[in-house]
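Below is query09.csv, holding CSV, C-alpha atoms.
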```csv
chain,number,residue,atom,x,y,z
L,595,MET,CA,242.1,215.6,143.7
L,596,ASP,CA,241.4,213.9,147.0
L,597,ALA,CA,244.0,216.2,148.6
L,598,LEU,CA,242.1,219.2,147.4
L,599,TYR,CA,238.8,217.9,148.8
L,600,ALA,CA,240.5,217.2,152.1
L,601,VAL,CA,241.8,220.8,152.3
L,602,VAL,CA,238.4,222.2,151.4
L,603,VAL,CA,236.7,220.0,154.1
L,604,GLY,CA,239.3,221.1,156.7
L,605,PHE,CA,238.9,224.8,155.7
L,606,LEU,CA,235.1,224.5,156.1
L,607,PHE,CA,235.5,222.8,159.5
L,608,ALA,CA,237.8,225.6,160.6
L,609,ILE,CA,235.4,228.3,159.5
L,610,GLY,CA,232.5,226.5,161.2
L,611,VAL,CA,234.3,226.1,164.5
L,612,TYR,CA,235.5,229.8,164.3
L,613,LEU,CA,232.0,231.0,163.8
L,614,ILE,CA,230.6,228.9,166.5
L,615,LEU,CA,233.1,230.3,169.0
L,616,GLN,CA,232.0,233.9,168.2
L,617,ARG,CA,229.8,235.8,170.6
L,618,PRO,CA,226.9,236.9,168.4
L,619,LEU,CA,224.1,234.4,168.1
L,620,VAL,CA,223.7,234.9,164.3
L,621,LYS,CA,227.4,233.8,163.8
L,622,LEU,CA,226.6,230.7,165.9
L,623,LEU,CA,223.8,229.8,163.5
L,624,LEU,CA,226.1,230.4,160.5
L,625,GLY,CA,228.8,228.2,162.1
L,626,ILE,CA,226.3,225.4,162.6
L,627,ALA,CA,225.3,225.6,158.9
L,628,VAL,CA,228.9,225.6,157.7
L,629,LEU,CA,229.9,222.8,160.0
L,630,GLY,CA,226.9,220.6,158.8
L,631,ASN,CA,227.9,221.2,155.1
L,632,ALA,CA,231.5,220.4,155.9
L,633,ALA,CA,230.4,217.1,157.5
L,634,ASN,CA,228.3,216.2,154.5
L,635,LEU,CA,231.2,217.0,152.1
L,636,MET,CA,233.5,214.8,154.3
L,637,ILE,CA,231.1,211.9,154.0
L,638,PHE,CA,230.9,212.4,150.2
L,639,VAL,CA,234.6,212.6,149.8
L,640,SER,CA,235.3,209.6,152.0
L,641,SER,CA,232.9,207.4,150.0
L,642,GLY,CA,234.9,208.0,146.8
L,643,ALA,CA,233.5,210.3,144.2
L,644,ARG,CA,233.4,208.0,141.2
L,645,ARG,CA,230.8,207.7,138.4
L,646,LEU,CA,229.5,204.1,138.7
L,647,PRO,CA,226.2,202.6,137.7
L,648,PRO,CA,223.4,202.3,140.2
L,649,PRO,CA,223.3,199.2,142.4
L,650,LEU,CA,220.8,197.2,140.4
L,651,ILE,CA,220.9,193.5,139.7
L,652,PRO,CA,220.4,192.7,136.0
L,653,ASP,CA,217.6,190.3,134.9
L,654,GLY,CA,218.7,186.7,135.1
L,655,GLU,CA,221.6,187.4,137.5
L,656,LYS,CA,221.8,186.6,141.2
L,657,VAL,CA,224.6,188.9,142.1
L,658,VAL,CA,226.1,192.1,140.8
L,659,THR,CA,229.3,191.4,138.8
L,660,THR,CA,230.3,194.9,137.9
L,661,PRO,CA,231.4,197.7,140.2
L,662,ILE,CA,228.5,199.8,141.5
L,663,ALA,CA,227.9,203.0,143.3
L,664,ASP,CA,227.7,202.9,147.1
L,665,PRO,CA,224.2,203.9,148.2
L,666,ILE,CA,225.0,204.0,151.9
L,667,ALA,CA,227.0,207.3,151.6
L,668,GLN,CA,224.3,208.9,149.6
L,669,ALA,CA,221.6,207.9,152.1
L,670,GLN,CA,223.8,209.1,155.0
L,671,ILE,CA,224.3,212.5,153.3
L,672,LEU,CA,220.6,212.9,152.6
L,673,THR,CA,219.7,212.0,156.2
L,674,ALA,CA,222.4,214.5,157.5
L,675,ILE,CA,221.0,217.2,155.3
L,676,VAL,CA,217.4,216.7,156.6
L,677,ILE,CA,218.5,216.5,160.2
L,678,GLY,CA,220.9,219.5,159.8
L,679,PHE,CA,218.1,221.6,158.3
L,680,GLY,CA,215.8,220.7,161.2
L,681,VAL,CA,218.4,221.6,163.8
L,682,LEU,CA,219.2,224.8,162.1
L,683,ALA,CA,215.5,225.8,161.8
L,684,PHE,CA,214.9,225.1,165.5
L,685,ALA,CA,218.0,227.1,166.4
L,686,VAL,CA,216.8,230.0,164.3
L,687,VAL,CA,213.5,230.0,166.1
L,688,LEU,CA,215.2,229.9,169.5
L,689,VAL,CA,217.5,232.8,168.6
L,690,HIS,CA,214.6,234.8,167.2
L,691,ARG,CA,212.6,234.3,170.4
L,692,VAL,CA,215.5,235.2,172.6
L,693,HIS,CA,216.1,238.4,170.6
L,694,GLN,CA,212.3,239.2,170.5
L,695,THR,CA,211.9,238.9,174.3
L,696,SER,CA,215.1,240.4,175.6
L,697,GLN,CA,216.6,242.4,172.7
L,698,ILE,CA,219.9,240.5,173.2
L,699,ASP,CA,222.1,239.2,170.4
L,700,GLY,CA,225.1,237.8,172.2
L,701,PHE,CA,226.2,235.3,174.8
L,702,ASP,CA,227.8,237.8,177.1
L,703,GLU,CA,224.6,239.7,177.6
L,704,LEU,CA,222.6,236.5,178.0
L,705,THR,CA,224.8,235.1,180.8
L,706,GLU,CA,225.2,238.4,182.6
L,707,GLY,CA,224.0,238.0,186.2
L,708,VAL,CA,223.5,234.3,185.9
L,709,GLY,CA,224.9,232.4,188.9
L,710,THR,CA,225.6,235.4,191.1
L,711,GLU,CA,222.8,234.8,193.5
```
Please re-express this file's structure in structure tokens.
Amino acid sequence: MDALYAVVVGFLFAIGVYLILQRPLVKLLLGIAVLGNAANLMIFVSSGARRLPPPLIPDGEKVVTTPIADPIAQAQILTAIVIGFGVLAFAVVLVHRVHQTSQIDGFDELTEGVGTE
């Protein structure tokens, strides 16, 4: 099953990179979203997808004696989702403003005439 997850993560990374390399700005935004989801899935898969009890110490015990779920990967994924959403929202606003002011939706038209002075 881990091999299937690895293939899915690799496929999502490939799609994300392909979309980022395209010229239209909307495809860039979609590529950023797909790449963020691929990174989150990679963290999830690398932490080991197992059903284990939460990391709580029972009453009267000083240490946990049974296997427990790893909360670090869950916290990293939650943080990555929030940061990815913020970056994507900011990029959407920037692309919308560029399109609103100049009616341009691609990198070629944006960079046309830049550096020719």
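Remark: residues at most 12 Å from position (237.1, 218.1, 141.8) in file coordinates are Met595, Asp596, Ala597, Leu598, Tyr599, Ala600, Val601, Val602, Leu635, Phe638, Val639, Gly642, Ala643 and Arg644 of chain L, using only C-alpha atoms.
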List the spatial neighbours of Gly700 of chain L as an mmCIF file with C-alpha atoms, in the coordinates of the input - criterion: any atom at most 10 Å away, only C-alpha atoms, same-chain residues fewer than 3 positions off excluded.
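Final output, selection26.cif:
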```
data_model
loop_
_atom_site.group_PDB
_atom_site.id
_atom_site.type_symbol
_atom_site.label_atom_id
_atom_site.label_comp_id
_atom_site.auth_asym_id
_atom_site.auth_seq_id
_atom_site.Cartn_x
_atom_site.Cartn_y
_atom_site.Cartn_z
ATOM 1 C CA GLN L 616 232.000 233.900 168.200
ATOM 2 C CA ARG L 617 229.800 235.800 170.600
ATOM 3 C CA PRO L 618 226.900 236.900 168.400
ATOM 4 C CA LEU L 619 224.100 234.400 168.100
ATOM 5 C CA VAL L 620 223.700 234.900 164.300
ATOM 6 C CA LYS L 621 227.400 233.800 163.800
ATOM 7 C CA LEU L 622 226.600 230.700 165.900
ATOM 8 C CA VAL L 689 217.500 232.800 168.600
ATOM 9 C CA VAL L 692 215.500 235.200 172.600
ATOM 10 C CA HIS L 693 216.100 238.400 170.600
ATOM 11 C CA GLN L 697 216.600 242.400 172.700
ATOM 12 C CA GLU L 703 224.600 239.700 177.600
ATOM 13 C CA LEU L 704 222.600 236.500 178.000
ATOM 14 C CA THR L 705 224.800 235.100 180.800
#
```
Residue with the minimum atom-to-atom distance to Pro665 of chain L, picked from L:Pro652, L:Gly604, L:Pro647, L:Gly678 with only C-alpha atoms counted, is L:Pro647
Option closest in space to Ile675 of chain L, from L:Leu623, L:Val628, L:Arg645, L:Glu655 [counting only C-alpha atoms]
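Among the listed residues, L:Val628 lies closest to Ile675 of chain L.
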Top pick for closest residue to Leu672 of chain L, considering L:Tyr612, L:Asn631, L:Val687, L:Leu606 and counting all atoms listed in the file:
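Ranking L:Tyr612, L:Asn631, L:Val687, L:Leu606 by distance to Leu672 of chain L, first place goes to L:Asn631.
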Nearest to Leu624 of chain L: which of L:Val658, L:Val676, L:Leu682, L:Ile666 is it, counting only C-alpha atoms?
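Of the candidates, the smallest distance to Leu624 of chain L is held by L:Leu682.
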